[in-house]
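Peer 1: See input17.txt below, with compact mmCIF, C-alpha atoms.
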```
# COMPACT_ATOMS: atom_id res chain seq x y z
CA MET A 1 0.00 0.00 0.00
CA ASN A 2 1.46 3.36 -1.06
CA THR A 3 1.18 6.23 1.38
CA GLN A 4 1.35 9.85 0.30
CA GLN A 5 3.11 12.46 2.40
CA THR A 6 1.09 15.62 2.86
CA ALA A 7 2.70 19.02 3.36
CA LEU A 8 2.70 20.41 6.86
CA PRO A 9 0.09 23.11 7.54
CA LYS A 10 1.66 26.57 7.64
CA LEU A 11 1.39 29.19 10.36
CA PHE A 12 2.31 32.85 9.75
CA ILE A 13 2.87 35.08 12.77
CA GLY A 14 3.12 38.86 12.50
CA ILE A 15 4.40 40.61 15.62
CA ASP A 16 4.32 44.30 16.51
CA ILE A 17 6.99 44.48 19.19
CA HIS A 18 6.98 46.99 22.03
CA LYS A 19 8.75 47.19 25.36
CA ARG A 20 5.84 46.24 27.61
CA SER A 21 3.75 44.04 25.30
CA TRP A 22 3.59 42.37 21.90
CA LYS A 23 0.62 42.49 19.59
CA VAL A 24 0.55 39.16 17.75
CA HIS A 25 -1.51 38.03 14.77
CA CYS A 26 -1.54 34.34 13.84
CA ALA A 27 -2.79 33.28 10.41
CA THR A 28 -2.70 29.86 8.78
CA ASP A 29 -2.58 29.01 5.10
CA LEU A 30 -6.38 28.42 5.26
CA PHE A 31 -7.71 30.95 7.76
CA SER A 32 -7.06 34.63 8.47
CA GLY A 33 -6.48 33.87 12.16
CA LYS A 34 -6.75 36.00 15.29
CA SER A 35 -4.92 38.81 17.09
CA PHE A 36 -4.01 39.00 20.76
CA SER A 37 -1.64 40.75 23.16
CA MET A 38 1.03 39.03 25.21
CA SER A 39 4.00 39.85 27.38
CA PRO A 40 7.26 40.45 25.49
CA ASP A 41 8.63 36.94 25.95
CA PRO A 42 9.51 34.60 23.03
CA GLU A 43 9.13 31.56 25.30
CA GLN A 44 5.46 32.37 25.94
CA LEU A 45 4.78 32.60 22.22
CA PHE A 46 6.48 29.25 21.72
CA LYS A 47 4.22 27.64 24.36
CA TYR A 48 1.13 29.21 22.76
CA VAL A 49 2.03 27.89 19.29
CA THR A 50 2.89 24.44 20.67
CA ARG A 51 -0.48 24.25 22.42
CA HIS A 52 -2.77 25.65 19.69
CA PHE A 53 -0.91 24.88 16.45
CA PRO A 54 0.93 21.58 16.90
CA GLY A 55 2.60 20.19 13.79
CA HIS A 56 2.57 23.51 11.89
CA GLU A 57 5.45 24.94 9.90
CA VAL A 58 5.93 28.33 11.59
CA THR A 59 7.18 31.56 10.02
CA THR A 60 7.43 34.76 12.06
CA ALA A 61 8.21 38.37 11.16
CA TYR A 62 8.61 41.62 13.02
CA GLU A 63 9.91 45.09 12.24
CA ALA A 64 13.56 45.97 12.74
CA GLY A 65 14.06 48.57 15.45
CA CYS A 66 15.50 49.29 18.86
CA PHE A 67 14.69 45.78 20.17
CA GLY A 68 17.45 44.14 18.15
CA TYR A 69 17.60 40.50 17.15
CA HIS A 70 17.11 38.64 20.44
CA ALA A 71 13.58 37.52 19.54
CA HIS A 72 14.73 36.51 16.04
CA ARG A 73 17.44 34.27 17.45
CA CYS A 74 15.00 32.71 19.91
CA PHE A 75 12.52 31.93 17.13
CA GLU A 76 15.22 30.33 14.99
CA GLY A 77 16.28 28.33 18.03
CA TYR A 78 12.76 26.85 18.14
CA GLY A 79 13.19 25.64 14.55
CA TRP A 80 10.96 28.37 13.11
CA ARG A 81 11.73 30.53 10.09
CA SER A 82 12.12 34.12 11.25
CA LEU A 83 12.32 37.39 9.33
CA VAL A 84 13.33 40.82 10.58
CA VAL A 85 11.93 43.30 8.06
CA ASN A 86 12.41 46.95 7.22
CA PRO A 87 9.19 48.82 8.17
CA ALA A 88 9.30 50.63 4.81
CA ASP A 89 8.99 47.27 3.00
CA ILE A 90 5.58 46.49 4.49
CA HIS A 91 3.01 47.37 1.85
CA ARG A 92 -0.03 49.38 2.91
CA LYS A 93 -3.09 50.00 0.80
CA GLY A 94 -4.33 53.55 0.40
CA LYS A 95 -6.92 53.42 3.16
CA GLU A 96 -4.49 51.60 5.50
CA LYS A 97 -2.08 54.55 5.42
CA HIS A 98 -4.56 56.66 7.39
CA THR A 99 -5.26 54.17 10.17
CA LYS A 100 -2.48 52.83 12.36
CA THR A 101 -2.81 50.67 15.45
CA ASP A 102 -0.65 47.90 16.88
CA LYS A 103 -3.28 45.35 15.90
CA ILE A 104 -3.38 46.57 12.30
CA ASP A 105 0.43 46.56 12.11
CA ALA A 106 0.57 42.93 13.26
CA GLN A 107 -2.15 41.97 10.78
CA LEU A 108 -0.31 43.69 7.92
CA ILE A 109 2.93 41.90 8.73
CA ALA A 110 1.15 38.54 8.87
CA ARG A 111 -0.66 39.26 5.59
CA GLU A 112 2.50 40.27 3.73
CA LEU A 113 4.31 37.27 5.21
CA LYS A 114 1.56 34.90 4.09
CA ASP A 115 1.58 36.37 0.56
CA GLY A 116 5.36 35.96 0.33
CA ARG A 117 6.11 39.65 -0.19
CA LEU A 118 8.50 40.16 2.72
CA GLU A 119 12.27 39.89 2.68
CA SER A 120 14.43 39.89 5.79
CA ILE A 121 17.19 42.39 6.34
CA MET A 122 20.68 41.03 6.89
CA VAL A 123 20.94 39.93 10.52
CA PRO A 124 24.56 40.12 11.75
CA ASP A 125 26.11 37.46 13.92
CA ILE A 126 26.45 38.24 17.62
CA GLU A 127 30.15 39.11 17.38
CA ARG A 128 29.58 41.65 14.60
CA GLU A 129 26.52 43.06 16.35
CA GLU A 130 28.44 43.69 19.56
CA LEU A 131 31.33 45.23 17.60
CA ARG A 132 28.82 47.54 15.94
CA SER A 133 27.62 48.65 19.37
CA LEU A 134 31.17 49.79 20.20
CA PHE A 135 31.41 51.70 16.92
CA ARG A 136 28.09 53.43 17.54
CA ARG A 137 29.19 54.28 21.07
CA ARG A 138 32.13 56.08 19.50
CA ASN A 139 29.76 58.11 17.34
CA ASP A 140 27.74 59.04 20.42
CA LEU A 141 30.93 60.33 21.99
CA VAL A 142 31.76 62.33 18.85
CA LYS A 143 28.39 64.08 19.15
CA ASP A 144 28.97 64.76 22.86
CA PHE A 145 32.46 66.08 22.07
CA ARG A 146 31.14 68.56 19.51
CA ARG A 147 28.30 69.57 21.79
CA ILE A 148 30.44 70.36 24.83
CA LYS A 149 32.87 72.37 22.70
CA SER A 150 29.92 74.40 21.42
CA TYR A 151 28.71 74.99 25.00
CA ILE A 152 32.10 76.30 26.04
CA LYS A 153 32.32 78.58 23.00
CA MET A 154 28.76 79.75 23.75
CA GLN A 155 29.71 80.77 27.30
CA LEU A 156 32.65 82.81 26.05
CA LEU A 157 30.46 84.50 23.45
CA TYR A 158 27.71 85.18 25.99
CA PHE A 159 30.07 87.00 28.37
CA GLY A 160 31.76 88.90 25.56
CA ILE A 161 35.14 87.18 25.93
CA LYS A 162 37.21 87.27 22.76
CA GLU A 163 39.61 84.46 22.05
CA PRO A 164 43.20 85.28 21.13
CA GLU A 165 43.69 85.11 17.38
CA GLU A 166 46.11 82.20 17.68
CA PHE A 167 43.33 80.07 19.28
CA ASP A 168 40.59 81.00 16.82
CA ASN A 169 40.38 77.58 15.12
CA ASP A 170 38.87 74.13 15.60
CA HIS A 171 42.00 72.62 17.18
CA TRP A 172 41.96 72.78 20.96
CA SER A 173 45.62 72.69 21.87
CA HIS A 174 46.93 72.26 25.41
CA ARG A 175 47.75 75.98 25.48
CA TYR A 176 44.17 76.85 24.61
CA ARG A 177 42.85 74.53 27.30
CA LYS A 178 45.19 76.13 29.85
CA TRP A 179 43.96 79.56 28.75
CA LEU A 180 40.40 78.43 29.49
CA ASP A 181 41.41 76.97 32.86
CA ASP A 182 43.12 80.24 33.89
CA MET A 183 40.18 82.44 32.87
CA VAL A 184 38.88 84.78 35.59
CA PHE A 185 35.28 86.03 35.88
CA VAL A 186 33.83 88.79 38.04
CA HIS A 187 31.96 86.27 40.19
CA PRO A 188 32.90 82.67 40.99
CA THR A 189 29.64 81.19 39.66
CA ALA A 190 30.53 81.69 35.99
CA LYS A 191 33.97 80.21 36.67
CA ALA A 192 32.31 77.18 38.30
CA ALA A 193 30.14 76.69 35.21
CA LEU A 194 33.19 76.83 32.90
CA ASP A 195 35.17 74.47 35.14
CA SER A 196 32.29 71.99 35.08
CA ARG A 197 32.17 72.11 31.30
CA MET A 198 35.93 71.69 31.06
CA ARG A 199 35.82 68.61 33.29
CA PHE A 200 33.13 67.12 31.07
CA PHE A 201 35.13 68.06 27.97
CA ARG A 202 38.22 66.27 29.28
CA PHE A 203 36.17 63.21 30.25
CA VAL A 204 34.58 62.93 26.78
CA ASP A 205 37.91 63.60 25.09
CA GLN A 206 39.58 60.74 26.98
CA GLU A 207 36.62 58.38 26.47
CA LEU A 208 36.66 59.10 22.75
CA ARG A 209 40.37 58.32 22.54
CA ASP A 210 40.00 55.10 24.54
CA VAL A 211 37.02 53.78 22.58
CA SER A 212 38.68 54.65 19.24
CA THR A 213 41.81 52.77 20.29
CA GLN A 214 39.80 49.71 21.39
CA LEU A 215 37.85 49.74 18.12
CA ARG A 216 40.93 49.91 15.90
CA ARG A 217 42.76 47.28 17.96
CA TYR A 218 39.87 44.81 17.75
CA CYS A 219 39.49 45.22 13.98
CA LYS A 220 43.24 44.85 13.43
CA VAL A 221 43.33 41.59 15.38
CA HIS A 222 40.04 39.91 14.38
CA TYR A 223 39.56 41.29 10.85
CA LYS A 224 43.19 41.93 9.99
CA LYS A 225 43.01 40.90 6.32
CA ASP A 226 40.03 43.09 5.39
CA TYR A 227 41.22 45.92 7.63
CA LEU A 228 44.59 46.14 5.87
CA LEU A 229 42.94 45.89 2.44
CA LEU A 230 40.66 48.80 3.29
CA ARG A 231 43.54 50.85 4.72
CA SER A 232 45.36 50.54 1.39
CA ILE A 233 42.71 52.74 -0.26
CA PRO A 234 43.53 56.49 -0.18
CA GLY A 235 41.00 58.37 1.92
CA ILE A 236 40.05 55.40 4.08
CA GLY A 237 41.72 55.69 7.46
CA GLY A 238 41.51 53.50 10.52
CA ILE A 239 38.12 54.74 11.75
CA VAL A 240 36.48 54.62 8.30
CA ALA A 241 37.80 51.08 7.83
CA CYS A 242 36.30 50.11 11.19
CA ALA A 243 33.01 51.74 10.16
CA ILE A 244 32.87 49.62 7.00
CA LEU A 245 33.65 46.42 8.90
CA CYS A 246 31.12 47.19 11.65
CA GLU A 247 28.20 48.52 9.61
CA LEU A 248 28.52 46.53 6.38
CA GLY A 249 30.01 43.32 7.68
CA ASP A 250 31.56 41.15 4.97
CA LEU A 251 31.40 43.12 1.72
CA ARG A 252 31.61 39.88 -0.25
CA ARG A 253 27.89 39.34 0.37
CA PHE A 254 27.07 42.13 -2.10
CA ASN A 255 26.72 40.94 -5.68
CA SER A 256 27.36 44.29 -7.34
CA VAL A 257 28.29 47.90 -6.76
CA LYS A 258 24.70 48.88 -7.48
CA GLN A 259 23.45 46.71 -4.63
CA LEU A 260 26.09 48.08 -2.25
CA ALA A 261 25.40 51.69 -3.29
CA GLY A 262 21.69 51.16 -2.67
CA TYR A 263 22.42 49.86 0.83
CA VAL A 264 24.78 52.73 1.71
CA GLY A 265 22.57 55.36 0.07
CA LEU A 266 24.85 56.54 -2.73
CA ALA A 267 22.23 55.84 -5.38
CA PRO A 268 19.96 58.36 -7.14
CA SER A 269 16.21 58.65 -6.71
CA VAL A 270 14.62 58.43 -10.17
CA HIS A 271 11.09 59.37 -11.22
CA GLN A 272 9.93 58.36 -14.69
CA SER A 273 6.53 58.78 -16.29
CA GLY A 274 6.19 58.20 -20.02
CA ASP A 275 8.93 60.07 -21.83
CA HIS A 276 9.76 62.23 -18.84
CA GLN A 277 12.46 61.16 -16.42
CA ARG A 278 14.20 63.14 -13.73
CA THR A 279 16.76 62.42 -11.06
CA MET A 280 15.89 63.80 -7.62
CA GLY A 281 19.14 63.54 -5.70
CA MET A 282 20.26 60.75 -3.40
CA THR A 283 17.81 58.17 -2.18
CA PRO A 284 16.43 58.87 1.31
CA ARG A 285 16.77 55.17 2.13
CA ALA A 286 20.34 54.84 3.34
CA ASN A 287 22.74 54.02 6.11
CA ARG A 288 23.20 57.71 6.80
CA LEU A 289 26.14 57.29 9.12
CA LEU A 290 28.13 55.24 6.65
CA ARG A 291 27.18 57.49 3.76
CA SER A 292 28.57 60.51 5.60
CA TYR A 293 31.81 58.60 6.27
CA PHE A 294 32.26 57.86 2.56
CA VAL A 295 31.60 61.48 1.62
CA GLU A 296 34.20 62.69 4.15
CA ALA A 297 36.66 60.04 2.96
CA SER A 298 36.20 61.26 -0.62
CA TRP A 299 37.61 64.68 0.24
CA GLN A 300 40.75 62.96 1.49
CA ALA A 301 40.87 60.64 -1.54
CA ILE A 302 41.02 63.47 -4.08
CA ARG A 303 44.03 64.88 -2.22
CA ALA A 304 45.93 61.59 -1.99
CA ASP A 305 45.10 59.79 -5.24
CA PRO A 306 45.89 61.48 -8.61
CA VAL A 307 43.27 59.37 -10.40
CA MET A 308 40.52 60.42 -8.01
CA GLN A 309 41.70 64.02 -8.25
CA ALA A 310 41.54 63.86 -12.05
CA TYR A 311 38.02 62.41 -11.82
CA TYR A 312 37.03 65.30 -9.54
CA ARG A 313 38.54 67.95 -11.82
CA LYS A 314 36.82 66.44 -14.86
CA HIS A 315 33.47 67.42 -13.34
CA GLN A 316 34.52 70.87 -12.14
CA GLY A 317 32.09 73.62 -12.99
CA LYS A 318 29.14 71.64 -11.66
CA ASN A 319 27.68 71.73 -8.15
CA VAL A 320 30.49 70.78 -5.73
CA LYS A 321 28.18 68.66 -3.59
CA ARG A 322 27.11 66.63 -6.60
CA ILE A 323 30.70 66.12 -7.68
CA ILE A 324 31.80 64.79 -4.29
CA ILE A 325 28.88 62.34 -4.33
CA LYS A 326 30.19 61.02 -7.67
CA VAL A 327 33.63 60.64 -6.10
CA ALA A 328 32.11 58.85 -3.09
CA ARG A 329 30.33 56.42 -5.42
CA LYS A 330 33.64 55.74 -7.21
CA LEU A 331 35.38 55.26 -3.87
CA LEU A 332 32.65 52.81 -2.85
CA SER A 333 33.20 50.87 -6.09
CA ARG A 334 36.93 50.63 -5.42
CA THR A 335 36.29 49.50 -1.86
CA LEU A 336 34.15 46.60 -3.06
CA ALA A 337 36.70 45.67 -5.74
CA VAL A 338 39.59 45.61 -3.26
CA ILE A 339 37.71 43.33 -0.85
CA LYS A 340 36.44 40.96 -3.54
CA THR A 341 39.77 40.62 -5.37
CA GLU A 342 41.74 40.68 -2.08
CA VAL A 343 44.43 42.74 -3.82
CA PRO A 344 45.64 45.92 -2.04
CA TYR A 345 44.87 49.14 -3.83
CA THR A 346 47.65 50.74 -5.84
CA VAL A 347 47.59 54.52 -6.07
CA GLY A 348 47.22 55.48 -9.73
CA VAL A 349 49.44 57.95 -11.54
CA VAL A 350 48.10 60.33 -14.16
CA GLU A 351 50.58 61.03 -16.96
```
Since I need it in another form, could you write the structure as structure tokens?
Peer 2:
Amino acid sequence: MNTQQTALPKLFIGIDIHKRSWKVHCATDLFSGKSFSMSPDPEQLFKYVTRHFPGHEVTTAYEAGCFGYHAHRCFEGYGWRSLVVNPADIHRKGKEKHTKTDKIDAQLIARELKDGRLESIMVPDIEREELRSLFRRRNDLVKDFRRIKSYIKMQLLYFGIKEPEEFDNDHWSHRYRKWLDDMVFVHPTAKAALDSRMRFFRFVDQELRDVSTQLRRYCKVHYKKDYLLLRSIPGIGGIVACAILCELGDLRRFNSVKQLAGYVGLAPSVHQSGDHQRTMGMTPRANRLLRSYFVEASWQAIRADPVMQAYYRKHQGKNVKRIIIKVARKLLSRTLAVIKTEVPYTVGVVE
């Protein structure tokens, strides 16, 4: 007697994740399902599915955000298929754009998941994710560093104190810091405010140096090959190389420069209708932090590499901001080529 194997019934779970509760919508391949709230615990969802949907092939999805990938890893540990999706990739009909609740969000995720229209973002491994947290901590310190310098400058401006001409620049030398420490006000309260800001400035300055050192040291040891390949490219220094390794991971996963440029955000937004087509600047969908790093690195590249400088000069006469974006796109292309070929970059010479 021949027996036929039947496919397992499918269960699609859309989750709208929040800190205090999850809104969950469960749908099968035959029924639209039901929505309910639960505490934010993957183990409880596993028990619920085991009790009410035994023998189902389970697929879950939730939006990427500040809650990271802990739930995703738990779901995969249960043997489920799990997707972490970009919120912008969840299609909404016209009328659905004007009504938003947690229940509707969970239903939309489950619907798109059931219809096969969702794709997961790249989920980094735990080591790369924790390295990324150190890199982003450094960027937080950079913001704090700029902010406290602005506060100190603001206090001087407020009280009408003019800086000596030799200190009127962005570099805060030890002499300039001593000049600030020795400053005298009419009353001690203003001096106390400046001293407090200077203590915070020195703390942030030292933290920034320490975190930057730890970041470079880790990348040199654990990703030495790719780190040295990236450092061979003019314009890409130690911190930019760390940024690429932390935010992009292994560049070999990108199939083309176009795909990489779309991820970073160095791709144009295009609008075409009939015979009319126009380019509307860079796409708003981007890794904005990494895009800014590549733009800054491009200014260094045109100073250090004659080929990049020639490419920049070829476009002179146009908008400078547009030219440097072209250079950044070219620098991105060379970065991908160096990693994929595993051949260090050789500075070109223009005859």
Peer 1: Write out as a list in words the residues lying within 12 Å of region 180-196 of chain A, counting all atoms listed in the file and excluding same-chain residues fewer than 5 positions away.
Peer 2: Ile148, Lys149, Tyr151, Ile152, Lys153, Met154, Gln155, Leu156, Tyr158, Phe159, Gly160, Ile161, Lys162, Glu163, Pro164, Phe167, Trp172, Ser173, His174, Arg175, Phe201, Arg202 and Phe203 of chain A
Peer 1: Excluding same-chain residues fewer than 2 positions from Val85 (chain A), what lies within 10 Å of it counting only C-alpha atoms, as a ChimeraX atom specification?
Peer 2: /A:61-65,82-83,87-90,109,118-123
Peer 1: Identify which of the residues A:Leu215, A:Ala7, A:Val84, A:Val295 lies closest to His56 (chain A), counting all atoms listed in the file when measuring atom-to-atom distances.
Peer 2: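 Checking each candidate against His56 (chain A), we get A:Ala7 as the closest.
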Peer 1: Env of Ala301 (chain A): 10 Å cut, atoms = all atoms listed in the file, seq-sep filter 5 positions within chain, self excluded. Answer as a list of chain:residue names.
Peer 2: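 Listed by chain and then number, they are A:Ile233, A:Pro234, A:Gly235, A:Ile236, A:Phe294, A:Val295, A:Glu296, A:Pro306, A:Val307, A:Met308, A:Gln309, A:Val327, A:Ala328, A:Leu331.
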Peer 1: Just write the chosen residues, C-alpha atoms, as an mmCIF file, in the frame of the given file.
Peer 2:
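Output file result_24.cif is given in full below:
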```cif
data_model
loop_
_atom_site.group_PDB
_atom_site.id
_atom_site.type_symbol
_atom_site.label_atom_id
_atom_site.label_comp_id
_atom_site.auth_asym_id
_atom_site.auth_seq_id
_atom_site.Cartn_x
_atom_site.Cartn_y
_atom_site.Cartn_z
ATOM 1 C CA ILE A 233 42.710 52.740 -0.260
ATOM 2 C CA PRO A 234 43.530 56.490 -0.180
ATOM 3 C CA GLY A 235 41.000 58.370 1.920
ATOM 4 C CA ILE A 236 40.050 55.400 4.080
ATOM 5 C CA PHE A 294 32.260 57.860 2.560
ATOM 6 C CA VAL A 295 31.600 61.480 1.620
ATOM 7 C CA GLU A 296 34.200 62.690 4.150
ATOM 8 C CA PRO A 306 45.890 61.480 -8.610
ATOM 9 C CA VAL A 307 43.270 59.370 -10.400
ATOM 10 C CA MET A 308 40.520 60.420 -8.010
ATOM 11 C CA GLN A 309 41.700 64.020 -8.250
ATOM 12 C CA VAL A 327 33.630 60.640 -6.100
ATOM 13 C CA ALA A 328 32.110 58.850 -3.090
ATOM 14 C CA LEU A 331 35.380 55.260 -3.870
#
```
Peer 1: Give me, please, the distance in Å between CA of Tyr345 (chain A) and CA of Gln300 (chain A), quoted to one decimal.
Peer 2: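 Interatomic distance here is 15.4 Å.
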Peer 1: Of the residues A:Pro9, A:Tyr293, A:Gly265, A:Lys47, which is the one nearest to Gly237 (chain A), using only C-alpha atoms?
Peer 2: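 Of A:Pro9, A:Tyr293, A:Gly265, A:Lys47, the one nearest Gly237 (chain A) is A:Tyr293, counting only C-alpha atoms.
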Peer 1: Write a file for region 38-53 of chain A of the given structure; include N, CA, C and O atoms and format it as an mmCIF file, in the first residue's frame.
Peer 2:
```cif
data_model
loop_
_atom_site.group_PDB
_atom_site.id
_atom_site.type_symbol
_atom_site.label_atom_id
_atom_site.label_comp_id
_atom_site.auth_asym_id
_atom_site.auth_seq_id
_atom_site.Cartn_x
_atom_site.Cartn_y
_atom_site.Cartn_z
ATOM 1 N N MET A 38 0.299 39.909 24.297
ATOM 2 C CA MET A 38 1.029 39.033 25.209
ATOM 3 C C MET A 38 2.229 39.781 25.761
ATOM 4 O O MET A 38 2.610 40.846 25.263
ATOM 5 N N SER A 39 2.797 39.244 26.812
ATOM 6 C CA SER A 39 4.001 39.849 27.379
ATOM 7 C C SER A 39 5.167 39.648 26.425
ATOM 8 O O SER A 39 5.186 38.690 25.649
ATOM 9 N N PRO A 40 6.149 40.522 26.452
ATOM 10 C CA PRO A 40 7.263 40.448 25.491
ATOM 11 C C PRO A 40 8.244 39.327 25.829
ATOM 12 O O PRO A 40 9.383 39.571 26.258
ATOM 13 N N ASP A 41 7.817 38.093 25.605
ATOM 14 C CA ASP A 41 8.635 36.937 25.952
ATOM 15 C C ASP A 41 8.508 35.883 24.854
ATOM 16 O O ASP A 41 7.421 35.316 24.661
ATOM 17 N N PRO A 42 9.585 35.611 24.095
ATOM 18 C CA PRO A 42 9.508 34.599 23.027
ATOM 19 C C PRO A 42 9.077 33.226 23.534
ATOM 20 O O PRO A 42 8.399 32.481 22.827
ATOM 21 N N GLU A 43 9.453 32.881 24.760
ATOM 22 C CA GLU A 43 9.126 31.564 25.303
ATOM 23 C C GLU A 43 7.611 31.389 25.440
ATOM 24 O O GLU A 43 7.077 30.293 25.183
ATOM 25 N N GLN A 44 6.910 32.459 25.814
ATOM 26 C CA GLN A 44 5.460 32.366 25.938
ATOM 27 C C GLN A 44 4.798 32.153 24.584
ATOM 28 O O GLN A 44 3.831 31.411 24.459
ATOM 29 N N LEU A 45 5.322 32.802 23.556
ATOM 30 C CA LEU A 45 4.784 32.600 22.216
ATOM 31 C C LEU A 45 5.033 31.174 21.747
ATOM 32 O O LEU A 45 4.161 30.554 21.112
ATOM 33 N N PHE A 46 6.176 30.635 22.085
ATOM 34 C CA PHE A 46 6.482 29.251 21.719
ATOM 35 C C PHE A 46 5.490 28.280 22.377
ATOM 36 O O PHE A 46 4.982 27.346 21.737
ATOM 37 N N LYS A 47 5.177 28.505 23.651
ATOM 38 C CA LYS A 47 4.222 27.645 24.361
ATOM 39 C C LYS A 47 2.825 27.766 23.752
ATOM 40 O O LYS A 47 2.095 26.768 23.624
ATOM 41 N N TYR A 48 2.454 28.997 23.361
ATOM 42 C CA TYR A 48 1.135 29.205 22.761
ATOM 43 C C TYR A 48 1.027 28.453 21.434
ATOM 44 O O TYR A 48 0.017 27.776 21.167
ATOM 45 N N VAL A 49 2.045 28.565 20.597
ATOM 46 C CA VAL A 49 2.025 27.892 19.291
ATOM 47 C C VAL A 49 2.027 26.380 19.474
ATOM 48 O O VAL A 49 1.303 25.646 18.779
ATOM 49 N N THR A 50 2.830 25.886 20.426
ATOM 50 C CA THR A 50 2.885 24.442 20.675
ATOM 51 C C THR A 50 1.531 23.901 21.118
ATOM 52 O O THR A 50 1.121 22.799 20.736
ATOM 53 N N ARG A 51 0.802 24.700 21.901
ATOM 54 C CA ARG A 51 -0.482 24.254 22.425
ATOM 55 C C ARG A 51 -1.596 24.329 21.371
ATOM 56 O O ARG A 51 -2.422 23.416 21.257
ATOM 57 N N HIS A 52 -1.639 25.417 20.591
ATOM 58 C CA HIS A 52 -2.769 25.646 19.694
ATOM 59 C C HIS A 52 -2.494 25.267 18.236
ATOM 60 O O HIS A 52 -3.441 25.067 17.467
ATOM 61 N N PHE A 53 -1.221 25.192 17.844
ATOM 62 C CA PHE A 53 -0.906 24.881 16.448
ATOM 63 C C PHE A 53 0.170 23.799 16.369
ATOM 64 O O PHE A 53 1.248 24.010 15.814
#
```
